[in-house]
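Below is one structure, written out as structure tokens; the observations come after it.
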Amino acid sequence: MQAFAALLDGLAFTPARNAKLRLIGDYLATTPDPARGYALAALTGELDLPGLKPAAIRALASERVDPTLFLMSYDYVGDLAETVALIWPLAEARRPPPSLAEVVEALEGASRAEATALLAAWLDDLDADGRWALLKLLTGGLRVGVSARLAKTALAAAFGQPVAEIEEIWHGLTPPYAPLFAWLTGAGPRPDAGAGAGFRPVMLANPLDEAQLATLDPADFRAEWKWDGVRVQAVSRGGERRLYTRTGDDISQSFPDVVAALDFEGVIDGELLVAAADGTGPAPFAALQQRLGRKRPSVKLIAAAPGFIQVYDLLFDGAADLRGEPFDRRRQALERFLRAASPKLALSPLTPFARWDDLRALRAGARAAGIEGLILKRRDAPYLAGRPQGPWFKWKRDPLTLDFVVMYAQRGHGRRSSFYSDFTFGAWTAEGTLAPVGKAYSGYTDTELVELDKFVRAHATERFGPVRAVAPGLVFEVAFDAAQRSSRHKSGVALRFPRIKRIRWDKPAGEADTVAAVLALIETE
Amino acid sequence: MATRPFDWLELRPEGLYCRPADLYIDPTRPVARAVITHGHADHARPGHGAVLATAETHAIMAVRYPDDAPERQAAAYGAPVALGGVRFWLAPAGHVLGSAQVVIEHGGARAVVSGDYKRQADPTAAPFEPVRADLFVTEATFGLPVFRHPEPEHEVEKLLASLTQFPERAHLLGVYGLGKCQRMLALIRAAGYDAPIYLHGALIALTELYRAHGHDFGDIRPAAGASKAAFQGALTLAPPSAATDRWARRLGDVKAAIASGWMGVRARARQRGAELPLVISDHADWDALLRTCLETQAEEVWITHGREDALAYALAAAGQRARPLRLAGREDDAE
């Protein structure tokens, strides 16, 4: 437990992805079974433990600590699990701290009441870091900035395997993954991917450099729309149905309406979208976002924002693995496959073209909701895991741009830890004040970063911890893929994928764009 | 007896004042006569007429305020000094080199003003000596039960493990210049780390002073003038403000560690930009504050600064009368 606690602690304070990969990789490579398996399960969100409510944890603490002192402390620390971890009194006699495996195995199948009793005994035996890790484990959500994908990437790297190999067999495995570690350490055979409703690693496209087109023969490629939704893999095998994101996260629960439509035997690849109210096509991305956050969507929400899939590939037809077949063959099979399918599984149409210029014109006109450009696929390419160079290209439409005023700046980490490198920018409201519309961390050179840092220091008006408020005077030309309504921002709008295109040292802040200008760019259904 | 009046000790805008001796303890503004508990800037200020302190504290003040020239009177720990009919002596406080509690005996009663103190072992400071008191004046910087400082050796292990795990990164440890810096150097050396350690310019003079007092820190080098390559995988110490700011740029890819009692609270560590927070403090933690106040057997405890309310509450619950003084001018963050 203490080693796992040290890992979580390190991850919580380490912002850089590569450093996180090393922390996880080193832990997995050096920790014995079954502890590392359970740790991997915790990081990938596969650990199924009885969740304890904050009230139960609080009640436990109140048995040990004076309530007035507890309240004063909670008020100061601000986080319940952390307060309890820190304030828990030293036990008179401490046994050796429990191992992670001991904790997980004891909790499996324990009732909430049993779990609470076990927790109290363990808290007595652990130190503050260990108590914090244990409480995080039991209250759900480690919140150390690690996705399931990142954990698997670290595992793959630590044992010198491609992450696609891990993904391929992942869903046939259960914690603590003894056969997986046996294979990775050379002590056992590669576990069978199984015939279950597991996730298969997806194939991704590379951005197209337009200069490349001259070297590519249009006759070798197929083109289709690049949908502005969420890439999904829908699996239905042996009565089990699953909807996965492209990183293998299971989102079946959030989309019962789509899962109900998976009335087939096989695995399809496509884009999850929400239908527009008038039924004419996809709604803007914001409508889909509403549903992504909900673990259990209401009937009303499902009716208002019904999900569907634009299907563009067939990985398994029944039990037959088609991934080794060329694109054209898979496409033919897909068209047959979908003939009898639910209308919620729409075939993503191919866009016929003869010359690249035909597509160029189409792409320029692609501003409808739900479309963010084109995808080019080699007609003879098999379905390969990962992001192989050559077979698939994404050709996004040109981004939108507006000029915004820098409002806040924050220092970065690692190489950037002494530079104000993260910026929040805003647009002018009708009242003549600035309202924040987005944040950006990229799009400038190292030399520009030095200049930006200088500007922030010279024009800071207020400090909030690591954040500086900056007097209006610095304008960014910001590129973004789309604008959408947002209830989380005071301005009422949010930008998708904002990045700094240019620093407009020449432009007076007063001439930057308005919130109204952003609103005008929101695509209507 | 129910109360013993300590009316000869009072709180004035300048600080705690001993009337019969006409003398302030750690005054925040220039006064004619002062007793200084230790060399931290929020306790030791320049401009006083006459100063009573340990020889070490005088030496520290002379380094920090080269132009300051008070009448200096040095007292060894335990050696009594009579001032205006009042008996004073200094007892070790365990906080930093030369740090002292001020023991004041007058009218048959004894007051002990502890300044800042800690109970953890520190190879660079004489260990705290509990003194029986009628009135005990304590700090409460870490006066909440969430502050329980771990063993410093355990924290130093984290730093050394990171140096091994990330050998390409420049490890930059933020430390307060007086006390924390030298204690960390001693702890790191005691843990067996013997590579060169680089020091920010602001830390050098006081570290030299510790050296002159017999503390050996091995191969210490000034950061100024060293090449960027030298910092890679090496350890550098700097004041906390420099550790996460512009000064750090000369080091390249920095892993920022901070050694402070505040690092035990995650939000606080994150706010300070620490990637490697080390919970190492030169102040008493909650358990040590309570234990110390009770050990003095004082009838009354005055709490100068920090989280006074929680400590006063807990002492009252343990049967000791306690009163927050809400002394201004003490720096919470300088730890």
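Numbering starts fresh at 1 for the residues of each chain in the structure tokens, the chains themselves are lettered A, B, ... in the order given, and ligands are numbered from 1 as they appear.
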Please identify every residue of chain B that has at least one atom no farther than 9 Å from an atom of chain A, counting only C-alpha atoms, and for each give the shortest atom pair and the distance in Å to one decimal, arranged by chain then increasing number, as a tab-separated table.
```
residue	atom	partner	partner_atom	distance
B:Leu144	CA	A:Ser73	CA	6.2
B:Pro145	CA	A:Ile87	CA	5.6
B:Val146	CA	A:Ile87	CA	4.5
B:Phe147	CA	A:Leu86	CA	7.0
B:Arg148	CA	A:Leu86	CA	7.3
B:Pro150	CA	A:Ala128	CA	8.6
B:Lys158	CA	A:Ala6	CA	8.9
B:Gln165	CA	A:Leu23	CA	8.2
B:Phe166	CA	A:Ala19	CA	8.2
B:Arg169	CA	A:Gly414	CA	8.8
B:Ala242	CA	A:Ser418	CA	8.9
B:Ala243	CA	A:Ser418	CA	8.5
B:Thr244	CA	A:Ser418	CA	5.6
B:Asp245	CA	A:Ser418	CA	4.2
B:Arg246	CA	A:Ser418	CA	5.0
B:Trp247	CA	A:Ser418	CA	7.8
B:Ala248	CA	A:Ser418	CA	6.5
B:Arg249	CA	A:Ser418	CA	6.6
B:Gly252	CA	A:Arg415	CA	6.2
B:Asp253	CA	A:Arg415	CA	4.5
B:Val254	CA	A:Gly414	CA	5.2
B:Lys255	CA	A:Gly414	CA	6.2
B:Ala256	CA	A:Gly414	CA	8.0
B:Gly264	CA	A:Leu86	CA	8.1
B:Val265	CA	A:Val77	CA	6.6
B:Arg266	CA	A:Glu82	CA	8.1
B:Ala267	CA	A:Val77	CA	7.6
B:Arg268	CA	A:Val77	CA	8.7
B:Ala269	CA	A:Phe13	CA	8.6
B:Arg270	CA	A:Phe13	CA	7.2
B:Gln271	CA	A:Gly465	CA	5.6
B:Arg272	CA	A:Pro466	CA	7.0
B:Gly273	CA	A:Pro466	CA	7.4
B:Ala274	CA	A:Phe13	CA	7.2
B:Glu275	CA	A:Phe13	CA	5.0
B:Leu276	CA	A:Phe13	CA	6.8
B:Pro277	CA	A:Phe13	CA	8.2
B:Asp309	CA	A:Met72	CA	9.0
B:Ala310	CA	A:Leu69	CA	6.4
B:Tyr313	CA	A:Leu69	CA	8.2
B:Ala314	CA	A:Leu69	CA	7.9
```
Store the residues picked out above, limited to N, CA and C atoms, as a compact mmCIF listing (two decimals), in the first residue's frame.
```
# COMPACT_ATOMS: atom_id res chain seq x y z
N LEU B 144 -2.78 23.16 13.97
CA LEU B 144 -3.98 22.40 13.60
C LEU B 144 -3.59 20.92 13.59
N PRO B 145 -4.52 20.06 14.01
CA PRO B 145 -4.13 18.64 14.10
C PRO B 145 -3.82 17.98 12.76
N VAL B 146 -4.03 18.67 11.65
CA VAL B 146 -3.63 18.09 10.35
C VAL B 146 -2.13 18.23 10.11
N PHE B 147 -1.47 19.02 10.95
CA PHE B 147 -0.03 19.17 10.78
C PHE B 147 0.70 18.22 11.71
N ARG B 148 1.14 17.12 11.15
CA ARG B 148 1.94 16.17 11.91
C ARG B 148 3.13 15.84 11.02
N PRO B 150 6.19 14.30 9.29
CA PRO B 150 6.79 12.97 9.24
C PRO B 150 8.28 13.04 9.58
N LYS B 158 12.63 10.55 -0.43
CA LYS B 158 11.84 10.86 -1.63
C LYS B 158 12.66 11.67 -2.62
N GLN B 165 15.55 8.36 -10.15
CA GLN B 165 14.54 8.02 -11.16
C GLN B 165 14.54 9.00 -12.34
N PHE B 166 14.89 10.25 -12.07
CA PHE B 166 14.91 11.26 -13.13
C PHE B 166 16.31 11.87 -13.25
N ARG B 169 16.96 15.32 -15.07
CA ARG B 169 16.34 16.59 -14.67
C ARG B 169 17.15 17.28 -13.57
N ALA B 242 12.85 31.81 -5.69
CA ALA B 242 13.69 31.64 -6.88
C ALA B 242 13.50 30.26 -7.50
N ALA B 243 13.15 29.28 -6.65
CA ALA B 243 13.10 27.90 -7.12
C ALA B 243 12.03 27.69 -8.18
N THR B 244 10.96 28.47 -8.14
CA THR B 244 9.93 28.28 -9.15
C THR B 244 9.80 29.53 -10.01
N ASP B 245 10.84 30.34 -10.06
CA ASP B 245 10.73 31.54 -10.89
C ASP B 245 11.94 31.70 -11.79
N ARG B 246 12.12 32.92 -12.28
CA ARG B 246 13.07 33.17 -13.38
C ARG B 246 14.47 32.65 -13.14
N TRP B 247 14.91 32.74 -11.89
CA TRP B 247 16.27 32.31 -11.60
C TRP B 247 16.49 30.87 -12.05
N ALA B 248 15.39 30.07 -11.96
CA ALA B 248 15.50 28.63 -12.23
C ALA B 248 15.81 28.33 -13.70
N ARG B 249 15.66 29.32 -14.57
CA ARG B 249 15.85 29.06 -16.00
C ARG B 249 17.24 28.58 -16.34
N GLY B 252 17.73 24.67 -16.78
CA GLY B 252 17.16 23.79 -17.81
C GLY B 252 15.87 23.15 -17.34
N ASP B 253 15.72 21.84 -17.56
CA ASP B 253 14.48 21.13 -17.21
C ASP B 253 14.47 20.88 -15.70
N VAL B 254 13.65 21.68 -15.00
CA VAL B 254 13.69 21.69 -13.55
C VAL B 254 12.62 20.82 -12.94
N LYS B 255 12.99 20.05 -11.94
CA LYS B 255 12.02 19.39 -11.07
C LYS B 255 12.04 20.15 -9.76
N ALA B 256 10.94 20.85 -9.48
CA ALA B 256 10.91 21.76 -8.34
C ALA B 256 10.46 21.04 -7.08
N GLY B 264 2.64 19.51 3.57
CA GLY B 264 1.76 18.41 3.94
C GLY B 264 0.35 18.59 3.40
N VAL B 265 -0.01 19.82 3.09
CA VAL B 265 -1.35 20.09 2.55
C VAL B 265 -1.23 20.25 1.04
N ARG B 266 -1.89 19.36 0.32
CA ARG B 266 -1.68 19.28 -1.12
C ARG B 266 -1.99 20.56 -1.87
N ALA B 267 -3.10 21.20 -1.50
CA ALA B 267 -3.49 22.42 -2.22
C ALA B 267 -2.38 23.46 -2.08
N ARG B 268 -1.82 23.51 -0.89
CA ARG B 268 -0.77 24.47 -0.60
C ARG B 268 0.49 24.16 -1.41
N ALA B 269 0.83 22.88 -1.50
CA ALA B 269 2.01 22.47 -2.25
C ALA B 269 1.83 22.80 -3.73
N ARG B 270 0.61 22.56 -4.23
CA ARG B 270 0.34 22.82 -5.64
C ARG B 270 0.41 24.31 -5.94
N GLN B 271 -0.15 25.09 -5.01
CA GLN B 271 -0.16 26.53 -5.17
C GLN B 271 1.26 27.09 -5.24
N ARG B 272 2.18 26.44 -4.53
CA ARG B 272 3.56 26.91 -4.53
C ARG B 272 4.35 26.36 -5.71
N GLY B 273 3.71 25.53 -6.53
CA GLY B 273 4.38 25.02 -7.72
C GLY B 273 5.34 23.88 -7.45
N ALA B 274 5.13 23.17 -6.34
CA ALA B 274 6.04 22.07 -6.02
C ALA B 274 5.67 20.82 -6.79
N GLU B 275 6.66 20.21 -7.43
CA GLU B 275 6.43 18.92 -8.08
C GLU B 275 6.82 17.81 -7.12
N LEU B 276 7.67 18.16 -6.19
CA LEU B 276 8.13 17.21 -5.19
C LEU B 276 8.06 17.89 -3.83
N PRO B 277 6.92 17.84 -3.17
CA PRO B 277 6.80 18.50 -1.87
C PRO B 277 7.42 17.65 -0.76
N ASP B 309 -6.42 29.76 17.43
CA ASP B 309 -7.70 29.36 17.99
C ASP B 309 -7.77 27.87 18.28
N ALA B 310 -7.28 27.08 17.34
CA ALA B 310 -7.35 25.62 17.53
C ALA B 310 -6.49 25.20 18.71
N TYR B 313 -8.07 26.22 21.97
CA TYR B 313 -9.20 25.33 22.23
C TYR B 313 -8.72 24.00 22.81
N ALA B 314 -7.69 23.44 22.16
CA ALA B 314 -7.21 22.12 22.58
C ALA B 314 -6.55 22.18 23.96
```
Shell of 12 Å around Ala117 in chain A, only C-alpha atoms, local chain residues under 5 positions omitted, as number ranges by chain = A: 52, 56-57, 59-60, 106-107, 110-112, 122-124
Might you pull out every residue within 9 Å of range 195-207 of chain B, with only C-alpha atoms counted and same-chain residues fewer than 3 positions away left off, and present them as number ranges by chain?
-> B: 60, 63-64, 176-179, 181-182, 185, 210-212, 215, 217-224, 226, 231, 234-239, 242, 247
Point-to-point distance from CA of Ala257 in chain B to CA of Leu159 in chain B, Å rounded to tenths =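 Taking CA of Ala257 in chain B and CA of Leu159 in chain B, their separation equals 7.9 Å.
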Excluding same-chain residues fewer than 3 positions from Ser99 in chain A, what lies within 8 Å of it counting only C-alpha atoms, as an MDAnalysis selection string?
-> chainID A and resid 1:2 35 102:103
Residue with the minimum atom-to-atom distance to Asp506 in chain A, picked from A:Val475, A:Ile371, A:Val235, A:Leu126 with only C-alpha atoms counted, is A:Val475
Surrounding residues of Glu105 in chain B excluding itself and chain neighbours under 2 positions, 7 Å, only C-alpha atoms, as a PyMOL selection string = chain B and resi 86-88+103+108-111
I need the residues from that last selection saved to file as a PDB file, in the first residue's frame (with C-alpha atoms), if you can.
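Final output, saved to out16.pdb:
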```pdb
ATOM      1  CA  VAL B  86      14.946  41.051  36.183  1.00  0.00           C
ATOM      2  CA  ARG B  87      16.744  37.753  35.671  1.00  0.00           C
ATOM      3  CA  PHE B  88      16.992  36.567  32.087  1.00  0.00           C
ATOM      4  CA  VAL B 103      13.343  32.728  30.311  1.00  0.00           C
ATOM      5  CA  GLY B 108       8.692  35.084  42.098  1.00  0.00           C
ATOM      6  CA  ALA B 109       7.250  34.006  38.753  1.00  0.00           C
ATOM      7  CA  ARG B 110       8.809  32.643  35.614  1.00  0.00           C
ATOM      8  CA  ALA B 111       7.745  33.389  32.073  1.00  0.00           C
TER       9      ALA B 111
END
```
Hey, can you check how far CA of Leu135 in chain B sits from CA of Val96 in chain B?
->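 Going from CA of Leu135 in chain B over to CA of Val96 in chain B covers 23.4 Å.
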CA of Asp68 in chain B to CA of Thr141 in chain B: how many Å, to one decimal?
->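 The value is 28.6 Å.
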